[in-house]
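Here is the file model.pdb (PDB, C-alpha atoms and all ligand atoms).
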```
ATOM      1  CA  MET A   1       5.662  16.807   0.722  1.00  0.00           C
ATOM      2  CA  SER A   2       3.977  19.614  -1.078  1.00  0.00           C
ATOM      3  CA  HIS A   3       5.439  19.552  -4.544  1.00  0.00           C
ATOM      4  CA  SER A   4       4.600  17.534  -7.623  1.00  0.00           C
ATOM      5  CA  ARG A   5       6.574  14.596  -8.949  1.00  0.00           C
ATOM      6  CA  CYS A   6       7.064  13.107  -5.521  1.00  0.00           C
ATOM      7  CA  LYS A   7       9.805  10.466  -5.710  1.00  0.00           C
ATOM      8  CA  THR A   8       7.972   7.235  -5.013  1.00  0.00           C
ATOM      9  CA  ALA A   9       9.341   3.724  -4.453  1.00  0.00           C
ATOM     10  CA  ILE A  10       6.947   0.808  -4.859  1.00  0.00           C
ATOM     11  CA  LEU A  11       7.591  -2.455  -3.000  1.00  0.00           C
ATOM     12  CA  ILE A  12       6.054  -5.687  -4.229  1.00  0.00           C
ATOM     13  CA  SER A  13       6.220  -9.433  -3.718  1.00  0.00           C
ATOM     14  CA  GLY A  14       3.878 -10.766  -6.376  1.00  0.00           C
ATOM     15  CA  SER A  15       1.626  -9.989  -9.298  1.00  0.00           C
ATOM     16  CA  GLY A  16       1.813  -6.230  -8.955  1.00  0.00           C
ATOM     17  CA  SER A  17      -1.639  -5.330 -10.243  1.00  0.00           C
ATOM     18  CA  ASN A  18      -1.644  -2.329  -7.888  1.00  0.00           C
ATOM     19  CA  LEU A  19       1.784  -1.365  -9.194  1.00  0.00           C
ATOM     20  CA  GLN A  20       0.343  -1.564 -12.728  1.00  0.00           C
ATOM     21  CA  SER A  21      -2.408   0.796 -11.743  1.00  0.00           C
ATOM     22  CA  PHE A  22       0.145   3.344 -10.506  1.00  0.00           C
ATOM     23  CA  ILE A  23       2.130   2.945 -13.736  1.00  0.00           C
ATOM     24  CA  ASP A  24      -0.994   3.382 -15.882  1.00  0.00           C
ATOM     25  CA  GLN A  25      -2.265   6.381 -13.931  1.00  0.00           C
ATOM     26  CA  VAL A  26       1.101   8.126 -14.135  1.00  0.00           C
ATOM     27  CA  ALA A  27       1.155   7.444 -17.889  1.00  0.00           C
ATOM     28  CA  SER A  28      -2.361   8.815 -18.368  1.00  0.00           C
ATOM     29  CA  GLY A  29      -1.693  11.860 -16.201  1.00  0.00           C
ATOM     30  CA  SER A  30      -4.327  10.932 -13.598  1.00  0.00           C
ATOM     31  CA  ILE A  31      -1.642  11.135 -10.925  1.00  0.00           C
ATOM     32  CA  ASP A  32       1.621  13.025 -10.870  1.00  0.00           C
ATOM     33  CA  LEU A  33       4.206  10.869  -9.114  1.00  0.00           C
ATOM     34  CA  ASP A  34       7.742   9.904 -10.116  1.00  0.00           C
ATOM     35  CA  ILE A  35       7.962   6.137  -9.654  1.00  0.00           C
ATOM     36  CA  CYS A  36      11.717   6.131  -9.143  1.00  0.00           C
ATOM     37  CA  THR A  37      12.181   2.439  -8.372  1.00  0.00           C
ATOM     38  CA  VAL A  38      10.385  -0.855  -7.821  1.00  0.00           C
ATOM     39  CA  PHE A  39      11.765  -3.257  -5.226  1.00  0.00           C
ATOM     40  CA  SER A  40      10.907  -6.889  -4.545  1.00  0.00           C
ATOM     41  CA  ASN A  41      11.958  -9.558  -2.083  1.00  0.00           C
ATOM     42  CA  ASN A  42      10.980 -12.138  -4.685  1.00  0.00           C
ATOM     43  CA  ALA A  43      12.958 -12.378  -7.929  1.00  0.00           C
ATOM     44  CA  ARG A  44      10.042 -14.151  -9.634  1.00  0.00           C
ATOM     45  CA  ALA A  45       7.476 -11.461  -8.831  1.00  0.00           C
ATOM     46  CA  PHE A  46       5.595 -10.637 -12.034  1.00  0.00           C
ATOM     47  CA  GLY A  47       5.481  -7.023 -10.909  1.00  0.00           C
ATOM     48  CA  LEU A  48       9.200  -6.752 -11.723  1.00  0.00           C
ATOM     49  CA  GLU A  49       8.352  -7.464 -15.378  1.00  0.00           C
ATOM     50  CA  ARG A  50       5.672  -4.798 -15.303  1.00  0.00           C
ATOM     51  CA  ALA A  51       8.204  -2.279 -13.951  1.00  0.00           C
ATOM     52  CA  LYS A  52      10.863  -3.190 -16.519  1.00  0.00           C
ATOM     53  CA  LYS A  53       8.342  -2.858 -19.327  1.00  0.00           C
ATOM     54  CA  ALA A  54       7.566   0.651 -18.069  1.00  0.00           C
ATOM     55  CA  GLY A  55      11.273   1.526 -17.943  1.00  0.00           C
ATOM     56  CA  ILE A  56      11.400   1.797 -14.144  1.00  0.00           C
ATOM     57  CA  PRO A  57      14.622   0.703 -12.395  1.00  0.00           C
ATOM     58  CA  THR A  58      14.143  -2.438 -10.298  1.00  0.00           C
ATOM     59  CA  SER A  59      16.041  -4.206  -7.569  1.00  0.00           C
ATOM     60  CA  CYS A  60      15.548  -7.396  -5.645  1.00  0.00           C
ATOM     61  CA  VAL A  61      16.910  -8.740  -2.371  1.00  0.00           C
ATOM     62  CA  ASP A  62      16.027 -12.274  -1.274  1.00  0.00           C
ATOM     63  CA  HIS A  63      14.843 -12.116   2.336  1.00  0.00           C
ATOM     64  CA  THR A  64      15.715 -15.776   2.935  1.00  0.00           C
ATOM     65  CA  ALA A  65      19.421 -14.883   2.812  1.00  0.00           C
ATOM     66  CA  PHE A  66      19.105 -12.875   6.074  1.00  0.00           C
ATOM     67  CA  ASP A  67      18.815 -14.118   9.620  1.00  0.00           C
ATOM     68  CA  SER A  68      16.800 -11.190  10.962  1.00  0.00           C
ATOM     69  CA  ARG A  69      14.064  -8.880   9.705  1.00  0.00           C
ATOM     70  CA  GLU A  70      16.185  -5.855  10.423  1.00  0.00           C
ATOM     71  CA  ALA A  71      19.178  -7.175   8.480  1.00  0.00           C
ATOM     72  CA  PHE A  72      16.943  -7.700   5.437  1.00  0.00           C
ATOM     73  CA  ASP A  73      15.315  -4.308   5.927  1.00  0.00           C
ATOM     74  CA  ARG A  74      18.696  -2.578   6.073  1.00  0.00           C
ATOM     75  CA  ALA A  75      19.650  -4.284   2.794  1.00  0.00           C
ATOM     76  CA  THR A  76      16.325  -3.124   1.334  1.00  0.00           C
ATOM     77  CA  ALA A  77      16.965   0.454   2.429  1.00  0.00           C
ATOM     78  CA  ALA A  78      20.446   0.278   0.890  1.00  0.00           C
ATOM     79  CA  GLU A  79      18.728  -0.414  -2.461  1.00  0.00           C
ATOM     80  CA  LEU A  80      16.073   2.262  -2.031  1.00  0.00           C
ATOM     81  CA  ASP A  81      17.991   5.157  -0.505  1.00  0.00           C
ATOM     82  CA  PRO A  82      20.145   6.014  -3.559  1.00  0.00           C
ATOM     83  CA  TYR A  83      16.828   7.005  -5.213  1.00  0.00           C
ATOM     84  CA  GLU A  84      16.016   9.304  -2.257  1.00  0.00           C
ATOM     85  CA  PRO A  85      12.374   8.188  -2.136  1.00  0.00           C
ATOM     86  CA  GLU A  86       9.946  10.553  -0.437  1.00  0.00           C
ATOM     87  CA  LEU A  87       7.138   8.018  -0.387  1.00  0.00           C
ATOM     88  CA  LEU A  88       7.150   4.221  -0.123  1.00  0.00           C
ATOM     89  CA  ILE A  89       4.149   2.328  -1.475  1.00  0.00           C
ATOM     90  CA  LEU A  90       3.699  -1.217  -0.198  1.00  0.00           C
ATOM     91  CA  ALA A  91       1.755  -2.961  -2.938  1.00  0.00           C
ATOM     92  CA  GLY A  92       1.398  -6.585  -1.965  1.00  0.00           C
ATOM     93  CA  PHE A  93       4.799  -6.536  -0.223  1.00  0.00           C
ATOM     94  CA  MET A  94       4.520  -9.649   1.919  1.00  0.00           C
ATOM     95  CA  ARG A  95       7.073  -8.840   4.581  1.00  0.00           C
ATOM     96  CA  ILE A  96       6.515  -7.614   8.123  1.00  0.00           C
ATOM     97  CA  LEU A  97       8.643  -4.508   8.541  1.00  0.00           C
ATOM     98  CA  SER A  98      11.113  -4.102  11.400  1.00  0.00           C
ATOM     99  CA  PRO A  99      10.785  -1.109  13.762  1.00  0.00           C
ATOM    100  CA  TRP A 100      14.093   0.109  12.323  1.00  0.00           C
ATOM    101  CA  PHE A 101      12.641   0.272   8.796  1.00  0.00           C
ATOM    102  CA  VAL A 102       9.437   1.987   9.900  1.00  0.00           C
ATOM    103  CA  ARG A 103      11.403   4.633  11.790  1.00  0.00           C
ATOM    104  CA  HIS A 104      13.855   5.096   8.914  1.00  0.00           C
ATOM    105  CA  TYR A 105      10.965   6.130   6.658  1.00  0.00           C
ATOM    106  CA  GLU A 106       8.629   7.426   9.347  1.00  0.00           C
ATOM    107  CA  GLY A 107       5.390   8.861   8.007  1.00  0.00           C
ATOM    108  CA  ARG A 108       6.385   8.065   4.430  1.00  0.00           C
ATOM    109  CA  ILE A 109       5.208   4.455   4.076  1.00  0.00           C
ATOM    110  CA  LEU A 110       1.722   3.589   2.822  1.00  0.00           C
ATOM    111  CA  ASN A 111       0.065   0.189   2.684  1.00  0.00           C
ATOM    112  CA  ILE A 112      -3.210  -1.100   1.304  1.00  0.00           C
ATOM    113  CA  HIS A 113      -5.020  -3.713   3.336  1.00  0.00           C
ATOM    114  CA  PRO A 114      -8.020  -5.575   1.907  1.00  0.00           C
ATOM    115  CA  ALA A 115     -10.507  -4.889   4.722  1.00  0.00           C
ATOM    116  CA  LEU A 116     -12.275  -1.986   6.354  1.00  0.00           C
ATOM    117  CA  LEU A 117      -9.682  -1.465   9.092  1.00  0.00           C
ATOM    118  CA  PRO A 118      -9.758  -1.725  12.047  1.00  0.00           C
ATOM    119  CA  LEU A 119     -11.814  -4.771  11.043  1.00  0.00           C
ATOM    120  CA  TYR A 120      -9.810  -7.817   9.993  1.00  0.00           C
ATOM    121  CA  PRO A 121      -6.121  -7.026  10.258  1.00  0.00           C
ATOM    122  CA  GLY A 122      -3.992  -9.973   9.072  1.00  0.00           C
ATOM    123  CA  LEU A 123      -4.797 -12.585   6.444  1.00  0.00           C
ATOM    124  CA  ASN A 124      -7.907 -14.154   4.803  1.00  0.00           C
ATOM    125  CA  THR A 125      -9.870 -10.960   5.195  1.00  0.00           C
ATOM    126  CA  HIS A 126     -12.482 -11.715   2.524  1.00  0.00           C
ATOM    127  CA  GLN A 127     -13.420 -15.112   3.948  1.00  0.00           C
ATOM    128  CA  ARG A 128     -13.537 -13.678   7.456  1.00  0.00           C
ATOM    129  CA  ALA A 129     -15.945 -10.921   6.353  1.00  0.00           C
ATOM    130  CA  ILE A 130     -18.155 -13.482   4.570  1.00  0.00           C
ATOM    131  CA  ASP A 131     -18.108 -15.876   7.534  1.00  0.00           C
ATOM    132  CA  ALA A 132     -19.078 -13.054   9.890  1.00  0.00           C
ATOM    133  CA  GLY A 133     -22.122 -12.303   7.724  1.00  0.00           C
ATOM    134  CA  ASP A 134     -20.961  -8.737   7.086  1.00  0.00           C
ATOM    135  CA  ALA A 135     -23.120  -6.689   4.738  1.00  0.00           C
ATOM    136  CA  GLN A 136     -20.167  -4.603   3.596  1.00  0.00           C
ATOM    137  CA  HIS A 137     -16.475  -5.064   2.994  1.00  0.00           C
ATOM    138  CA  GLY A 138     -13.712  -2.996   1.518  1.00  0.00           C
ATOM    139  CA  THR A 139     -10.106  -1.976   1.449  1.00  0.00           C
ATOM    140  CA  THR A 140      -8.052   0.607   3.323  1.00  0.00           C
ATOM    141  CA  VAL A 141      -5.012   2.738   2.509  1.00  0.00           C
ATOM    142  CA  HIS A 142      -3.143   3.590   5.702  1.00  0.00           C
ATOM    143  CA  PHE A 143       0.127   4.939   6.986  1.00  0.00           C
ATOM    144  CA  VAL A 144       2.447   2.211   8.201  1.00  0.00           C
ATOM    145  CA  THR A 145       3.477   2.201  11.844  1.00  0.00           C
ATOM    146  CA  GLU A 146       5.141  -0.492  13.908  1.00  0.00           C
ATOM    147  CA  GLU A 147       1.747  -2.070  14.595  1.00  0.00           C
ATOM    148  CA  LEU A 148       0.822  -4.509  11.811  1.00  0.00           C
ATOM    149  CA  ASP A 149      -2.126  -3.116   9.785  1.00  0.00           C
ATOM    150  CA  GLY A 150      -2.533  -0.641  12.650  1.00  0.00           C
ATOM    151  CA  GLY A 151      -1.375   2.745  11.340  1.00  0.00           C
ATOM    152  CA  PRO A 152      -3.755   5.661  10.827  1.00  0.00           C
ATOM    153  CA  CYS A 153      -6.199   5.132   7.980  1.00  0.00           C
ATOM    154  CA  ILE A 154      -6.346   7.554   5.049  1.00  0.00           C
ATOM    155  CA  LEU A 155      -8.880   6.335   2.507  1.00  0.00           C
ATOM    156  CA  GLN A 156     -11.302   3.410   2.327  1.00  0.00           C
ATOM    157  CA  GLY A 157     -13.234   1.940  -0.574  1.00  0.00           C
ATOM    158  CA  ARG A 158     -16.399   0.092   0.413  1.00  0.00           C
ATOM    159  CA  LEU A 159     -18.825  -2.227  -1.349  1.00  0.00           C
ATOM    160  CA  ALA A 160     -21.774  -4.456  -0.485  1.00  0.00           C
ATOM    161  CA  ILE A 161     -21.075  -8.180  -0.217  1.00  0.00           C
ATOM    162  CA  ARG A 162     -23.337 -10.056  -2.629  1.00  0.00           C
ATOM    163  CA  ARG A 163     -25.467 -12.962  -1.466  1.00  0.00           C
ATOM    164  CA  GLY A 164     -23.525 -16.214  -1.957  1.00  0.00           C
ATOM    165  CA  GLU A 165     -20.391 -14.424  -3.076  1.00  0.00           C
ATOM    166  CA  THR A 166     -17.152 -16.396  -2.667  1.00  0.00           C
ATOM    167  CA  ALA A 167     -13.919 -14.993  -1.238  1.00  0.00           C
ATOM    168  CA  GLU A 168     -12.383 -15.224  -4.706  1.00  0.00           C
ATOM    169  CA  GLN A 169     -15.195 -13.250  -6.334  1.00  0.00           C
ATOM    170  CA  LEU A 170     -15.026 -10.671  -3.575  1.00  0.00           C
ATOM    171  CA  ASN A 171     -11.256 -10.423  -3.980  1.00  0.00           C
ATOM    172  CA  ARG A 172     -11.650  -9.548  -7.661  1.00  0.00           C
ATOM    173  CA  ARG A 173     -14.069  -6.736  -6.864  1.00  0.00           C
ATOM    174  CA  ILE A 174     -11.951  -5.448  -3.981  1.00  0.00           C
ATOM    175  CA  GLN A 175      -8.839  -5.407  -6.150  1.00  0.00           C
ATOM    176  CA  ALA A 176     -10.612  -3.318  -8.790  1.00  0.00           C
ATOM    177  CA  ILE A 177     -11.395  -0.801  -6.039  1.00  0.00           C
ATOM    178  CA  GLU A 178      -7.804  -0.865  -4.785  1.00  0.00           C
ATOM    179  CA  HIS A 179      -6.585   0.071  -8.248  1.00  0.00           C
ATOM    180  CA  GLN A 180      -8.692   3.220  -8.020  1.00  0.00           C
ATOM    181  CA  ILE A 181      -8.184   4.331  -4.434  1.00  0.00           C
ATOM    182  CA  TYR A 182      -4.515   3.553  -3.820  1.00  0.00           C
ATOM    183  CA  PRO A 183      -3.063   6.003  -6.383  1.00  0.00           C
ATOM    184  CA  LYS A 184      -5.597   8.600  -5.224  1.00  0.00           C
ATOM    185  CA  ALA A 185      -4.511   8.256  -1.577  1.00  0.00           C
ATOM    186  CA  ALA A 186      -0.830   8.348  -2.522  1.00  0.00           C
ATOM    187  CA  GLN A 187      -1.397  11.569  -4.450  1.00  0.00           C
ATOM    188  CA  LEU A 188      -3.072  13.174  -1.420  1.00  0.00           C
ATOM    189  CA  VAL A 189       0.004  12.356   0.675  1.00  0.00           C
ATOM    190  CA  ALA A 190       2.427  13.412  -2.064  1.00  0.00           C
ATOM    191  CA  ASP A 191       0.619  16.742  -2.326  1.00  0.00           C
ATOM    192  CA  GLY A 192       0.815  17.290   1.442  1.00  0.00           C
ATOM    193  CA  GLU A 193      -2.984  17.296   1.792  1.00  0.00           C
ATOM    194  CA  ILE A 194      -2.730  14.320   4.115  1.00  0.00           C
ATOM    195  CA  THR A 195       0.184  14.289   6.531  1.00  0.00           C
ATOM    196  CA  PHE A 196       1.479  12.101   9.347  1.00  0.00           C
ATOM    197  CA  ARG A 197       2.592  13.407  12.722  1.00  0.00           C
ATOM    198  CA  ASP A 198       3.075  11.720  16.093  1.00  0.00           C
ATOM    199  CA  GLY A 199       1.384   8.545  14.908  1.00  0.00           C
ATOM    200  CA  ARG A 200      -1.704  10.321  13.553  1.00  0.00           C
ATOM    201  CA  ALA A 201      -3.004  11.382  10.161  1.00  0.00           C
ATOM    202  CA  PHE A 202      -3.991  14.978   9.428  1.00  0.00           C
ATOM    203  CA  ARG A 203      -5.964  16.476   6.573  1.00  0.00           C
ATOM    204  CA  ASP A 204      -5.184  20.096   5.795  1.00  0.00           C
ATOM    205  CA  GLY A 205      -3.669  20.354   9.276  1.00  0.00           C
ATOM    206  CA  GLN A 206      -6.730  18.948  11.122  1.00  0.00           C
ATOM    207  CA  PRO A 207      -6.699  15.467  12.715  1.00  0.00           C
ATOM    208  CA  LEU A 208      -8.294  12.920  10.413  1.00  0.00           C
ATOM    209  CA  THR A 209     -10.537  11.132  12.901  1.00  0.00           C
ATOM    210  CA  GLU A 210     -12.253   8.970  10.268  1.00  0.00           C
ATOM    211  CA  PRO A 211     -10.689   7.842   6.992  1.00  0.00           C
ATOM    212  CA  LEU A 212     -12.022   9.335   3.780  1.00  0.00           C
ATOM    213  CA  LEU A 213     -14.563   6.920   2.321  1.00  0.00           C
ATOM    214  CA  ILE A 214     -15.708   6.091  -1.182  1.00  0.00           C
ATOM    215  CA  ASP A 215     -18.728   3.840  -1.615  1.00  0.00           C
ATOM    216  CA  PHE A 216     -18.722   1.754  -4.765  1.00  0.00           C
ATOM    217  CA  PRO A 217     -22.251   0.938  -5.901  1.00  0.00           C
ATOM    218  CA  ASP A 218     -23.074  -2.528  -7.209  1.00  0.00           C
TER     219      ASP A 218
HETATM  220  C1  LIG A 301      -3.690  -6.506  -2.692  1.00  0.00           C
HETATM  221  O1  LIG A 301      -4.937  -7.072  -2.818  1.00  0.00           O
HETATM  222  C2  LIG A 301      -3.536  -5.830  -1.368  1.00  0.00           C
HETATM  223  O2  LIG A 301      -4.729  -5.627  -0.695  1.00  0.00           O
HETATM  224  C3  LIG A 301      -2.676  -6.741  -0.552  1.00  0.00           C
HETATM  225  O3  LIG A 301      -1.908  -7.449  -1.470  1.00  0.00           O
HETATM  226  C4  LIG A 301      -2.572  -7.511  -2.734  1.00  0.00           C
HETATM  227  C5  LIG A 301      -1.564  -7.217  -3.797  1.00  0.00           C
HETATM  228  O4  LIG A 301      -2.002  -7.515  -5.078  1.00  0.00           O
HETATM  229  N1  LIG A 301      -1.922  -5.971   0.390  1.00  0.00           N
HETATM  230  P1  LIG A 301      -1.148  -7.066  -6.367  1.00  0.00           P
HETATM  231  O5  LIG A 301       0.218  -7.721  -6.242  1.00  0.00           O
HETATM  232  O6  LIG A 301      -1.058  -5.578  -6.367  1.00  0.00           O
HETATM  233  O7  LIG A 301      -1.900  -7.624  -7.529  1.00  0.00           O
END
```

Just dump the structure as structure tokens.
Ligand code: GRF
Amino acid sequence: MSHSRCKTAILISGSGSNLQSFIDQVASGSIDLDICTVFSNNARAFGLERAKKAGIPTSCVDHTAFDSREAFDRATAAELDPYEPELLILAGFMRILSPWFVRHYEGRILNIHPALLPLYPGLNTHQRAIDAGDAQHGTTVHFVTEELDGGPCILQGRLAIRRGETAEQLNRRIQAIEHQIYPKAAQLVADGEITFRDGRAFRDGQPLTEPLLIDFPD
């Protein structure tokens, strides 16, 4: 990917505040991506309304109608592939992807996980960071591989946990960071500055041993 207007599909399950950030940043010219479609596994996801309002084609497939992950994922790909997406953005897409799906779009799927990976893969990341007494917390954009929350990291946003801060308060601050770093990371991949090969991330052709990091001051 080394041209502008990279065809980008965004996959959501819920509110879609990250999706909204992509929509807004495309509209303002901060990023240069073509959001060709928005997909959801949940017909009631508010993000679908956001997409429709922005004039982006949407589709929805209910995962509960399938008896295997792969069957659902193949139905998902059947919705996405007519748009020929070059990049898939998981933005609160609450499904574990099958190996088939990951291979089908190898090196072209990004996710954002609300922790400083490799710390705290999985759920309840904010509470886990608070309970561990961590001084800092953050969020990570990474390539998706078959290992859950385990693909090579691209960009992290980091902040200091405030004394007495609740998981909900922390979540609000982390989400505000996500809205800034996720479109930025996607643009780096769309522009070919960050690439994926053999399970690793590269920046300008050199292995990216540590993710790029932005510290957000209090
Ligand atoms: C984000 O906080 C992200 O870290 C996680 O899911 C959440 C999605 O939120 N993967 P939204 O739907 O974009 O508001």

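Taken over the whole file, the PyMOL selection byres (((chain A and resi 52) around 12) and not hetatm) covers exactly Leu19, Gln20, Ile23, Ile35, Cys36, Thr37, Val38, Phe39, Ala45, Phe46, Gly47, Leu48, Glu49, Arg50, Ala51, Lys53, Ala54, Gly55, Ile56, Pro57, Thr58 and Ser59 of chain A.
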
- Residue with smallest distance to ligand LIG 301 (chain A) - pool A:Ala91, A:Cys6, A:Ala77, A:Val61, counting all atoms listed in the file: A:Ala91

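We find CA of Ile89 (chain A) and CA of Gly157 (chain A) to be spaced 17.4 Å apart.
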
Build an axis-aligned box that encloses every atom of ligand LIG 301 (chain A) listed in the file, pad it by 5 Å on each side, and report its centre and edge lengths in Å to one decimal, as AutoDock Vina command-line options.
```
--center_x -2.4 --center_y -6.6 --center_z -3.6 --size_x 15.2 --size_y 12.1 --size_z 17.9
```

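A distance cut-off of 8 Å from ligand LIG 301 (chain A), applied to only C-alpha atoms and all ligand atoms, picks out the residues Ile12, Ser13, Gly14, Ser15, Gly16, Ser17, Asn18, Leu19, Gln20, Gly47, Leu90, Ala91, Gly92, Phe93, Met94, Asn111, Ile112, His113, Pro114, Ala115, Thr139, Asn171, Ile174, Gln175 and Glu178 of chain A.
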
- Query: Care to translate the PyMOL selection byres (((chain A and resi 42) around 7) and not hetatm) into actual residues of this file, as a count of residues only?
  - Reply: 8

- Message: What does the structure give for the distance between CA of Ala132 (chain A) and CA of Ala160 (chain A), in Å to one decimal?
- Response: 13.7 Å

- Query: What does the PyMOL selection byres (((chain A and resi 84) around 10) and not hetatm) select in this file, as a list of chain:residue names?
  - Reply: A:Lys7, A:Thr8, A:Ala9, A:Cys36, A:Thr37, A:Leu80, A:Asp81, A:Pro82, A:Tyr83, A:Pro85, A:Glu86, A:Leu87

- Item | Distance of CA of Val141 (chain A) from CA of Leu170 (chain A), expressed in Å to one decimal place | 17.8 Å

- Item | Ref. answer, residues at most 10 Å from (4.4, 12.0, 11.5) with all atoms listed in the file, as a list in words | Glu106, Gly107, Arg108, Phe143, Thr145, Thr195, Phe196, Arg197, Asp198, Gly199, Arg200, Ala201 and Phe202 of chain A

- Message: For His137 (chain A), find every residue with an atom within 8 Å (counting only C-alpha atoms), except residues of its own chain fewer than 3 positions away, and show them as a ChimeraX atom specification.
- Response: /A:115-116,126,129,134,158-161

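With distances restricted to all atoms listed in the file, A:Leu213 is the closest residue to Gln156 (chain A) from A:Leu213, A:Leu208, A:Leu33, A:Ala71.
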
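Look at Asp32 (chain A): the protein and nucleic acid residues within 9 Å of it, using all atoms listed in the file and passing over chain neighbours fewer than 2 places away, are Ser4, Arg5, Cys6, Gln25, Val26, Ala27, Gly29, Ser30, Asp34, Gln187 and Ala190 of chain A.
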
Provide region 73-79 of chain A rebuilt to all heavy atoms, formatted as a PDB file, in the frame of the given file.
```pdb
ATOM      1  N   ASP A  73      15.850  -5.658   6.134  1.00  0.00           N
ATOM      2  CA  ASP A  73      15.315  -4.308   5.927  1.00  0.00           C
ATOM      3  C   ASP A  73      16.437  -3.299   5.669  1.00  0.00           C
ATOM      4  O   ASP A  73      16.270  -2.362   4.876  1.00  0.00           O
ATOM      5  CB  ASP A  73      14.489  -3.872   7.140  1.00  0.00           C
ATOM      6  CG  ASP A  73      13.125  -4.545   7.176  1.00  0.00           C
ATOM      7  OD1 ASP A  73      12.808  -5.284   6.233  1.00  0.00           O
ATOM      8  OD2 ASP A  73      12.378  -4.309   8.141  1.00  0.00           O
ATOM      9  N   ARG A  74      17.564  -3.482   6.321  1.00  0.00           N
ATOM     10  CA  ARG A  74      18.696  -2.578   6.073  1.00  0.00           C
ATOM     11  C   ARG A  74      19.228  -2.782   4.650  1.00  0.00           C
ATOM     12  O   ARG A  74      19.607  -1.810   3.980  1.00  0.00           O
ATOM     13  CB  ARG A  74      19.810  -2.799   7.104  1.00  0.00           C
ATOM     14  CG  ARG A  74      19.479  -2.205   8.474  1.00  0.00           C
ATOM     15  CD  ARG A  74      20.599  -2.432   9.475  1.00  0.00           C
ATOM     16  NE  ARG A  74      20.252  -1.913  10.783  1.00  0.00           N
ATOM     17  CZ  ARG A  74      20.490  -0.657  11.196  1.00  0.00           C
ATOM     18  NH1 ARG A  74      21.104   0.196  10.390  1.00  0.00           N
ATOM     19  NH2 ARG A  74      20.125  -0.264  12.396  1.00  0.00           N
ATOM     20  N   ALA A  75      19.226  -4.025   4.180  1.00  0.00           N
ATOM     21  CA  ALA A  75      19.650  -4.284   2.794  1.00  0.00           C
ATOM     22  C   ALA A  75      18.642  -3.682   1.811  1.00  0.00           C
ATOM     23  O   ALA A  75      19.015  -3.161   0.748  1.00  0.00           O
ATOM     24  CB  ALA A  75      19.795  -5.789   2.567  1.00  0.00           C
ATOM     25  N   THR A  76      17.370  -3.738   2.176  1.00  0.00           N
ATOM     26  CA  THR A  76      16.325  -3.124   1.334  1.00  0.00           C
ATOM     27  C   THR A  76      16.542  -1.613   1.250  1.00  0.00           C
ATOM     28  O   THR A  76      16.537  -1.027   0.156  1.00  0.00           O
ATOM     29  CB  THR A  76      14.920  -3.415   1.924  1.00  0.00           C
ATOM     30  OG1 THR A  76      14.737  -4.825   1.983  1.00  0.00           O
ATOM     31  CG2 THR A  76      13.836  -2.783   1.089  1.00  0.00           C
ATOM     32  N   ALA A  77      16.762  -1.002   2.402  1.00  0.00           N
ATOM     33  CA  ALA A  77      16.965   0.454   2.429  1.00  0.00           C
ATOM     34  C   ALA A  77      18.212   0.846   1.632  1.00  0.00           C
ATOM     35  O   ALA A  77      18.233   1.901   0.991  1.00  0.00           O
ATOM     36  CB  ALA A  77      17.075   0.939   3.871  1.00  0.00           C
ATOM     37  N   ALA A  78      19.226  -0.020   1.653  1.00  0.00           N
ATOM     38  CA  ALA A  78      20.446   0.278   0.890  1.00  0.00           C
ATOM     39  C   ALA A  78      20.157   0.315  -0.614  1.00  0.00           C
ATOM     40  O   ALA A  78      20.817   1.042  -1.368  1.00  0.00           O
ATOM     41  CB  ALA A  78      21.528  -0.752   1.198  1.00  0.00           C
ATOM     42  N   GLU A  79      19.137  -0.461  -1.049  1.00  0.00           N
ATOM     43  CA  GLU A  79      18.728  -0.414  -2.461  1.00  0.00           C
ATOM     44  C   GLU A  79      17.870   0.817  -2.748  1.00  0.00           C
ATOM     45  O   GLU A  79      17.956   1.410  -3.823  1.00  0.00           O
ATOM     46  CB  GLU A  79      17.925  -1.681  -2.827  1.00  0.00           C
ATOM     47  CG  GLU A  79      18.709  -2.966  -2.766  1.00  0.00           C
ATOM     48  CD  GLU A  79      19.771  -3.061  -3.851  1.00  0.00           C
ATOM     49  OE1 GLU A  79      19.657  -2.378  -4.888  1.00  0.00           O
ATOM     50  OE2 GLU A  79      20.733  -3.832  -3.651  1.00  0.00           O
TER      51      GLU A  79
END
```
